[in-house]
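S.K.: Submitted below is the structure of interest, expressed as C-alpha cells.
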Amino acid sequence: MGILFGVMLIISAVYLFRIRNTLSEPHWDNYSIAFALTMASPVVAIFLSQAYHGKFDSPPYDWASRFLLAIPIFLALRQTNIRTITVLQYGIPLGALVGLTMLIVHPFDWGSHRYTTSNDFNLIHFSDTALMLGFLSLFSINWARKVHPLVLVLKLCGFMAGMYMSIQSGERGGWLAMPLILLLWIATHSKKNRWLKFSIAIPVLVGTVWLSYSMLDVVHIRIDSIFSDIAAYNHGNKDTSVGVRFQLYLAAIHLFTEHPIFGIGPNEFGSSMAALIASGMVTSLGGLMGTAEVHNEILHKCAETGLFGLLSFMSVYLVPIYIFRRSTKSTEPSIRIASFMGICLVFGFFIFGLTVEIFDLKMTATFFAFTLAVLMAAAMHHEVPETISSPQHIEANPPNNLSTSTETLPSPSAQNDVWHYARISFAPLVTLLALSIAIFAVRNNQLSQEQLGKATIQIENLNTSLTATQNALKKLQSEMIQKDTLQDEEQKKLNAQIPILIQNINALQVKLKIHPTLTEQLRLPTSAVTPNMGK
C-alpha cells in the first residue's frame, strides 16, 4: 500500500506540473480548500503540541504525513477523466479477495502477538480494513447506470470476503460496525419506501446477529467475554480485556483535562503510565497495556495533542461527510455512488476508532487517506474533455479526412466480438473463483473451530492443574498449621515443667548446703555467681 501511495504521489505531482497552464477549472474552490485544510490539520496539531512542549520528533508525523500527501493525489485525480477513477470499483472487491487469499495462505495467529499475513499486519487493523473493503464493494454496486452481472458477482464476492474475514478474526470492534453500515447502505441505496425497508431490515439484522451468536463459536465466545469482563470489573477485577480499556479511557480523559490545549505531547501517553500506576488510577497490567495504545483514536489524540488534536480529528470525519453528503444529490451515477462510498469509508473508520487506534499503523492510515482522496476526487470531479471523439460524435460531425480518423479508431464490430468472447471466458472463471472462496471459507472455518477446540481443552487442562495445585497448597498450609499447634503445646508443657525442676534442684542444694541456690543464681548476674559447697 505504501509503494502504491508513493507511486501515485509521484505521478500526481508530475501530472499537476504538466497541466499547470491548461486546467479545466481552478484547483481551489471552497470545498477543495476545506478538504485540504482538513487533511493537513493532523500535522498542524502535532507540530503545535511539540512546539509547546519544546520537544520535536519525527515518528509522530508518520501517519499524519499520509493525510497531508493525499492532497496532491486528490487535486490530480479531480482534473483527470472520471473514467480513470471508476477503476476503483473493480480494485476494491479484488483487494478483498486478495486479502482472503492471503489469510488462507497465512492464517492469523490467536497467540499473544495477534498478527497475520506473514506477521506484518496487526490482526485488528487487518480485519477492519478487510471489512471496509467488503462494504465498499457493496456500496459500489450500480456505479454505472447498468451494472454487468459479472461485475455484480465480483462485488458481492468482495463483500462476502470482507464479512468473512472480519468474523473469523474475532475482533469485536469491526462487528460493531457491521449492522450500522448495513443500515447506512439501506438508507442510501434508494429513497423509495425507506421506512418500509428499515422495518424489514432491522428484524432481519437482529435475527442474523442472534443466529451468528447461536451457531458460530467464535462469535459466542467473544460476546460472552464482554459480559463476563464487565461483571468482573464491577466486582473489582480491572485486569480484564474490557477492564483495561475502561482504565485507559479514564486515564486519557484525566490527561486531557490536565492538559486541555496542547495535550501531554505526541507519543507521550505511554510515558505517563508510571505516574498513573503510582497514583492508583491504573493497575500494573493497565499501565503495561497503556504503553502500547489507548484503544480509542479520539481519546488518544486528545490526551497527546489536546484541543487541537480533537478539532483535527473531528474535521477529518465531519468535513468529508458534509462534502460527500452534498455530492449525493448529483444526477451523475458515478459521482453519487462515489459519495455514498466516501460516507461509508469515513463512518466505518470512525466506528473502528472507538475501540482501536486505527491510524497509528501507517498502512491503515495510508489506506484511509488514499481511498478518501480518490473518492473525494470522484465526488468533486471536474470533467476534462476527451481528446478523441466518440463514434457518435464522429457521425454527427464528420471530419474532413474520414479515412484518417477511422484508421485511428478500432472497429466497433471487432470490439463487440472481443467483448463477447471475453464475457464467455470470464463467466466460468468468476464462478470458479466464488466456489473456491466458499470451499476455502468452509475449510478455514473448520480449522478455526478445531483450533478453538484445542485451545479450550488446553484451558480446561490448565484450570484442572491450577485447581490441583491450589488444593495441594491448602493441604500443605493445613499441615503447617497443625505442626505449629503441636509445637506450641509441647513448648507449653516444657515451660510448665521448668518451675518444678528448679524447685527440686533448690531443695537438693539446700540439703547439700550449696550456696547460692539455683534460684539465687538466676537472680544474680552471671559474673557474680560463685557456688559455695558446704561441708
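The way I read the labels, and the way they are meant: chains A, B, ... in the order of the C-alpha cells, residue 1 as the first residue of every chain, and ligand 1 as the first ligand shown, with later ones counted on from there.
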At a cut-off of 7 Å, using only C-alpha atoms, what residues contact segment 305-318 of chain A? Leave out same-chain residues fewer than 2 positions from it and give the result as a VMD selection string.
M.R.: chain A and resid 38 to 39 41 to 42 45 to 46 49 256 259 to 266 298 301 to 303 320 to 322 346
S.K.: So, with only C-alpha atoms as the atoms that count, which of A:Leu9, A:Cys157, A:Val209, A:Leu68 lies closest to Ala36 of chain A?
M.R.: A:Leu68
